[in-house]
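Heads up, the thing below is written out as structure tokens.
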Amino acid sequence: MRRMPLTDAFFLLAESRRTPMHVGGLTLFTLPKDVDDTTFLANLGNILRYDGELRRPFGEKLKTGPLGLAGNIFWEEDEDMDMEYHVRHSALPKPGRYRELFALVSRLHSTLLDRSRPLWEMNLIEGLPNRQFATYFKAHHCAIDGVGAMHMMSSMYSTNARTKVKISPFSREAYEIYKQQLSANTKQPGKPRDDEVKAVVEILRDQLGGTVNVARAIRESANVWLGRNTSMAVPFHKVPKSAVSTQITGSRRFVAQSWPFERVRALGRAYDGTLNDAVMAMCAGALRKHLQEQRDLPKISLKAMAPVSLRAAGDVDSANAIGMVIADLATNVRDPAKRFRKIKESMDASKAQLQQLSAGEIQAYTAISQAPLLLTQLTGLAGRFPAFSTVISNVPGPREKRYWNGARVDGMYPVSIPMDGSAINITLVSNNENLDFGIVACRKSVPQVQRLIDYMEESLVELEDAAGLRRRRPKAKTKAKAKAKSGAAHTAKAKTKTKTKAGRKAAAGASARAVPRLKTKAGGKTRARPKRTGA
């Protein structure tokens with residue numbers, strides 16, 4: 001057995017039926033040419049159901065003492081591992097659109113993982129049109145974080161369509177091969193690490209006892225509360241009540257969409273900011289529009305928690321290696337350019353604080369900052385006293401085209417965790433030439449989360465116009481039937497211009513009816529991206 005660090009146990013302690021604490025990911029593929037669909041997918045299923053030695057923690061289950069979760073928590077080997085339970089093969093009901101796919105993922109992400117078994121599931125999903133299929137993977141956050149999951153999934157992919165990977169990504173063998181590949185590609189190997197991440201108490205003893213950096217960071221946070229620092233944002237400080245900062249239910253809605261990487265990065269450069277600044281501004285504009293539509297836009301700006309990866313290069317062992325910063329989304333600022341600059345100022349202040357700290361010190365500071373969050377989650381008070389309004393997370397992904405035994409990876413969409421006080425989670429992955437966004441929300445608190453996809457595009461266009469960026473905007477393409485209904489072509493044109501509020505509402509209506517698709521180039525051909533639709 002091996003003891004679970006307190007930093008990982010946080011996600012077990014904070015879990016309830018209303019707030020499942022697992023992370024997941026939806027990946028879209030296109031089948032290779034000249035293969036039989038049934039045979040190909042059956043072979044993939046057999047690979048995933050590997051019954052040999054598994055890498056940690058996929059072959060381990062929870063073990064607690066007499067005090068349960070209040071005491072020490074351990075990982076122990078599961079002697080009755082049932083791969084048929086953990087790897088499932090599903091088919092979408094006809095017509096097998098992205099709508100049905102997102103509905104399935106929404107339901108799968110709403111259910112708790114069985115704590116008597118290893119805390120993960122993999123679903124192989126067929127029934128999509130255009131020779132596409134999908135996988136949906138979920139694992140408890142106490143076992144793995146977003147970057148760790150990306151490492152795990154990367155072990156099953158290749159940059160060559162002809163490469164065949166016949167070992168399971170859950171196997172010990174795949175884990176060792178992947179570590180060797182990372183080591184060979186790393187010019188300067190990172191410092192040696194312990195097999196386990198230190199517990200919070202040990203971090204505080206080692207770091208606070210020998211340095212004043214964490215104490216300085218705490219003083220800087222205190223200055224925010226005292227009004228001496230207006231640039232930086234911290235948990236619980238001036239977090240407004242709104243429809244997205246409330247107590248949630250256990251049901252989820254999931255939507256996904258992709259935007260070109262270079263388009264978003266060009267926006268950041270136009271404002272002398274980073275890609276992350278541009279993503280924050282894009283999401284802030286969308287949330288502002290969403291709350292305006294609900295007539296619930298607070299006078300105080302929304303705040304976003306942005307996880308920061310502390311994982312060393314080549315580290316694929318740590319379950320969680322993350323810190324966090326709080327960003328002011330400036331949703332109370334009408335002008336998009338001023339809003340971007342306000343967000344950038346907030347992000348710069350938070351990053352400047354973290355730059356003074358080592359990775360261990362950031363973990364210690366994050367643990368101190370998260371202690372009240374755990375208390376409010378356990379007592380059910382997070383809906384009344386939210387630590388932040390939403391979570392916006394950027395997970396680094398592959399920047400080249402990937403294949404799984406010849407099946408092209410078309411999209412990688414994260415499915416993360418809403419919480420009490422934070423009913424929407426927006427997580428994105430950089431994937432080849434795109435940024436793949438996955439948005440998951442409480443089904444009751446945010447019943448029309450699919451509209452955020454349209455609002456994000458509108459927000460992006462507003463920011464581009466404010467920056468003076470000139471680009472050729474593609475005309476919205478609609479199906480013939482949609483064009484024949486209620487002048488859909490005229491509403492699509494109104495959406496492209498987006499000059500007036502009435503025009504934007506008409507555009508949103510056209511989008512819901514016509515369901516246009518984002519398109520990207522792949523292998524010289526045009527391929528469809530996920531539809532803007534919800535579960």
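Within each chain, counting starts at residue 1; across the structure tokens, chains are named A, B, ... in the order shown, with ligands numbered 1 upward in that order.
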Query - A:Phe340 environment, 9 Å, only C-alpha atoms, sequence neighbours closer than 2 positions dropped, as a count of residues only - result: 19
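Close contacts of A:Leu124, defined as residues with an atom at most 9 Å away when counting only C-alpha atoms, with chain neighbours fewer than 2 positions off set aside, comprise Leu41, Leu44, Gly45, Val87, Arg88, His89, Ser90, Ala91, Met122, Glu126, Phe133, Ala134, Thr135, Tyr136 and Phe137 of chain A.
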**Report entry** Which of stretch 333-447 of chain A DSSP labels strand (DSSP E or B), written as an MDAnalysis selection string
**Finding:** chainID A and resid 390:395 403:404 407:415 419 422 424:431 434:442
Those residues with C-alpha atoms, as an mmCIF file, in the first residue's frame please?
```cif
data_model
loop_
_atom_site.group_PDB
_atom_site.id
_atom_site.type_symbol
_atom_site.label_atom_id
_atom_site.label_comp_id
_atom_site.auth_asym_id
_atom_site.auth_seq_id
_atom_site.Cartn_x
_atom_site.Cartn_y
_atom_site.Cartn_z
ATOM 1 C CA THR A 390 -15.765 29.966 -12.529
ATOM 2 C CA VAL A 391 -12.743 27.898 -13.512
ATOM 3 C CA ILE A 392 -10.867 28.565 -16.768
ATOM 4 C CA SER A 393 -8.033 26.121 -17.351
ATOM 5 C CA ASN A 394 -5.567 25.773 -20.244
ATOM 6 C CA VAL A 395 -3.942 22.335 -20.543
ATOM 7 C CA TYR A 403 -3.088 9.129 -34.780
ATOM 8 C CA TRP A 404 -4.269 6.080 -32.870
ATOM 9 C CA ALA A 407 -7.270 6.747 -36.767
ATOM 10 C CA ARG A 408 -6.780 10.508 -36.977
ATOM 11 C CA VAL A 409 -7.313 12.524 -33.781
ATOM 12 C CA ASP A 410 -9.841 15.220 -34.730
ATOM 13 C CA GLY A 411 -10.484 16.837 -31.362
ATOM 14 C CA MET A 412 -9.545 16.569 -27.676
ATOM 15 C CA TYR A 413 -12.172 18.161 -25.433
ATOM 16 C CA PRO A 414 -11.685 18.280 -21.628
ATOM 17 C CA VAL A 415 -14.639 17.555 -19.344
ATOM 18 C CA MET A 419 -18.509 22.998 -7.925
ATOM 19 C CA SER A 422 -18.741 27.750 -9.552
ATOM 20 C CA ILE A 424 -19.432 26.475 -15.057
ATOM 21 C CA ASN A 425 -16.022 25.018 -15.850
ATOM 22 C CA ILE A 426 -14.228 25.974 -19.085
ATOM 23 C CA THR A 427 -11.153 23.912 -19.924
ATOM 24 C CA LEU A 428 -9.216 23.892 -23.181
ATOM 25 C CA VAL A 429 -6.438 21.855 -24.761
ATOM 26 C CA SER A 430 -4.040 22.966 -27.486
ATOM 27 C CA ASN A 431 -4.371 20.335 -30.213
ATOM 28 C CA ASN A 434 -6.637 24.310 -32.777
ATOM 29 C CA LEU A 435 -7.677 25.166 -29.259
ATOM 30 C CA ASP A 436 -10.278 22.586 -28.227
ATOM 31 C CA PHE A 437 -12.700 23.934 -25.586
ATOM 32 C CA GLY A 438 -14.807 21.719 -23.348
ATOM 33 C CA ILE A 439 -17.507 23.458 -21.302
ATOM 34 C CA VAL A 440 -19.333 21.589 -18.539
ATOM 35 C CA ALA A 441 -21.962 23.106 -16.280
ATOM 36 C CA CYS A 442 -24.671 22.261 -13.780
#
```
Query - Residues within 9 Å of A:Lys166, only C-alpha atoms, excluding chain neighbours under 2 positions, as a ChimeraX atom specification - result: /A:44,47,156,164,168,405
Report task. Using only C-alpha atoms, pick whichever of A:Phe254, A:Phe236, A:Phe102, A:Phe385 has the shortest atom-to-atom distance to A:Leu28. Result ->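 Residue with the minimum atom-to-atom distance to A:Leu28: A:Phe102.
For the choices A:Asp454, A:Glu293, A:Glu464, A:Glu262, the atom-to-atom distance to A:Asn432 is smallest for A:Glu262 when using only C-alpha atoms.
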Report task. Tell me, in Å to one decimal, how far atom CA of A:Ser106 is from atom CA of A:Val255. Result -> 8.6 Å
Query - Selected residue, from A:Leu469, A:Met21, A:Ala161, A:Leu128, that lies nearest to A:Thr111 when counting only C-alpha atoms - result: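 Of A:Leu469, A:Met21, A:Ala161, A:Leu128, the one nearest A:Thr111, counting only C-alpha atoms, is A:Met21.
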Looking only at the backbone, which of the residues in stretch 66-251 of chain A does DSSP tag as helix (DSSP H, G or I), as a PDB file with C-alpha atoms, in the first residue's frame?
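Result went into out_6.pdb, see below:
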```pdb
ATOM      1  CA  MET A  83     -11.322  -4.671 -17.129  1.00  0.00           C
ATOM      2  CA  GLU A  84     -14.723  -5.447 -18.695  1.00  0.00           C
ATOM      3  CA  TYR A  85     -16.237  -3.124 -16.074  1.00  0.00           C
ATOM      4  CA  HIS A  86     -13.787  -0.288 -16.654  1.00  0.00           C
ATOM      5  CA  TYR A  98     -22.821  15.533 -31.925  1.00  0.00           C
ATOM      6  CA  ARG A  99     -25.990  16.377 -30.020  1.00  0.00           C
ATOM      7  CA  GLU A 100     -26.413  12.709 -29.082  1.00  0.00           C
ATOM      8  CA  LEU A 101     -22.703  12.403 -28.309  1.00  0.00           C
ATOM      9  CA  PHE A 102     -22.751  15.388 -25.973  1.00  0.00           C
ATOM     10  CA  ALA A 103     -25.913  14.058 -24.295  1.00  0.00           C
ATOM     11  CA  LEU A 104     -24.171  10.745 -23.613  1.00  0.00           C
ATOM     12  CA  VAL A 105     -21.057  12.457 -22.227  1.00  0.00           C
ATOM     13  CA  SER A 106     -23.261  14.685 -20.042  1.00  0.00           C
ATOM     14  CA  ARG A 107     -24.909  11.618 -18.490  1.00  0.00           C
ATOM     15  CA  LEU A 108     -21.650   9.710 -18.053  1.00  0.00           C
ATOM     16  CA  HIS A 109     -19.997  12.693 -16.405  1.00  0.00           C
ATOM     17  CA  SER A 110     -22.892  13.092 -13.954  1.00  0.00           C
ATOM     18  CA  GLY A 146      -5.320  17.297 -16.473  1.00  0.00           C
ATOM     19  CA  VAL A 147      -1.645  17.279 -17.434  1.00  0.00           C
ATOM     20  CA  GLY A 148      -1.210  13.755 -16.061  1.00  0.00           C
ATOM     21  CA  ALA A 149      -4.205  12.576 -18.091  1.00  0.00           C
ATOM     22  CA  MET A 150      -2.693  14.188 -21.194  1.00  0.00           C
ATOM     23  CA  HIS A 151       0.543  12.274 -20.587  1.00  0.00           C
ATOM     24  CA  MET A 152      -1.383   9.035 -20.175  1.00  0.00           C
ATOM     25  CA  MET A 153      -3.420   9.496 -23.365  1.00  0.00           C
ATOM     26  CA  SER A 154      -0.339  10.571 -25.335  1.00  0.00           C
ATOM     27  CA  ARG A 172       2.897  -0.594 -17.032  1.00  0.00           C
ATOM     28  CA  GLU A 173       4.676  -1.345 -20.306  1.00  0.00           C
ATOM     29  CA  ALA A 174       3.204   1.726 -22.061  1.00  0.00           C
ATOM     30  CA  TYR A 175       4.114   3.833 -19.034  1.00  0.00           C
ATOM     31  CA  GLU A 176       7.781   2.764 -19.119  1.00  0.00           C
ATOM     32  CA  ILE A 177       8.075   3.261 -22.888  1.00  0.00           C
ATOM     33  CA  TYR A 178       6.525   6.718 -22.654  1.00  0.00           C
ATOM     34  CA  LYS A 179       8.881   7.745 -19.830  1.00  0.00           C
ATOM     35  CA  GLN A 180      11.858   6.660 -21.944  1.00  0.00           C
ATOM     36  CA  GLN A 181      10.581   8.726 -24.870  1.00  0.00           C
ATOM     37  CA  LEU A 182      10.175  11.790 -22.658  1.00  0.00           C
ATOM     38  CA  SER A 183      13.670  11.315 -21.246  1.00  0.00           C
ATOM     39  CA  ALA A 184      15.162  11.047 -24.739  1.00  0.00           C
ATOM     40  CA  ASN A 185      13.380  14.225 -25.858  1.00  0.00           C
ATOM     41  CA  VAL A 200       0.735  19.585   3.022  1.00  0.00           C
ATOM     42  CA  VAL A 201       2.076  19.440   6.568  1.00  0.00           C
ATOM     43  CA  GLU A 202       5.483  18.330   5.299  1.00  0.00           C
ATOM     44  CA  ILE A 203       5.524  21.068   2.680  1.00  0.00           C
ATOM     45  CA  LEU A 204       4.694  23.724   5.261  1.00  0.00           C
ATOM     46  CA  ARG A 205       7.435  22.443   7.566  1.00  0.00           C
ATOM     47  CA  ASP A 206      10.077  22.308   4.829  1.00  0.00           C
ATOM     48  CA  GLN A 207       9.187  25.513   3.044  1.00  0.00           C
ATOM     49  CA  LEU A 208       7.829  27.897   5.657  1.00  0.00           C
ATOM     50  CA  ASN A 213       8.590  33.672   0.375  1.00  0.00           C
ATOM     51  CA  VAL A 214       5.298  32.048   1.350  1.00  0.00           C
ATOM     52  CA  ALA A 215       4.850  34.517   4.214  1.00  0.00           C
ATOM     53  CA  ARG A 216       5.422  37.361   1.754  1.00  0.00           C
ATOM     54  CA  ALA A 217       2.794  35.902  -0.606  1.00  0.00           C
ATOM     55  CA  ILE A 218       0.319  35.683   2.263  1.00  0.00           C
ATOM     56  CA  ARG A 219       0.995  39.328   3.164  1.00  0.00           C
ATOM     57  CA  GLU A 220       0.377  40.329  -0.463  1.00  0.00           C
ATOM     58  CA  SER A 221      -2.967  38.534  -0.346  1.00  0.00           C
ATOM     59  CA  ALA A 222      -3.804  40.307   2.911  1.00  0.00           C
ATOM     60  CA  ASN A 223      -3.072  43.636   1.212  1.00  0.00           C
ATOM     61  CA  VAL A 224      -5.787  42.842  -1.325  1.00  0.00           C
ATOM     62  CA  TRP A 225      -8.314  42.483   1.495  1.00  0.00           C
TER      63      TRP A 225
END
```
Report task. Counting only C-alpha atoms, figure out which residue out of A:Gly65, A:Gly397, A:Gly380, A:Pro235 gets nearest to A:Ile326. Result ->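 Ranked by minimum distance to A:Ile326, first place goes to A:Pro235.
Atom CA of A:Arg341 is found 16.0 Å from atom CA of A:Arg288.
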Report task. Tell me which protein, DNA and RNA residues are within 8 Å of A:Met4, counting only C-alpha atoms, leaving out same-chain ones fewer than 4 positions away, and put them as a PyMOL selection string. Result -> chain A and resi 8-9+72-75
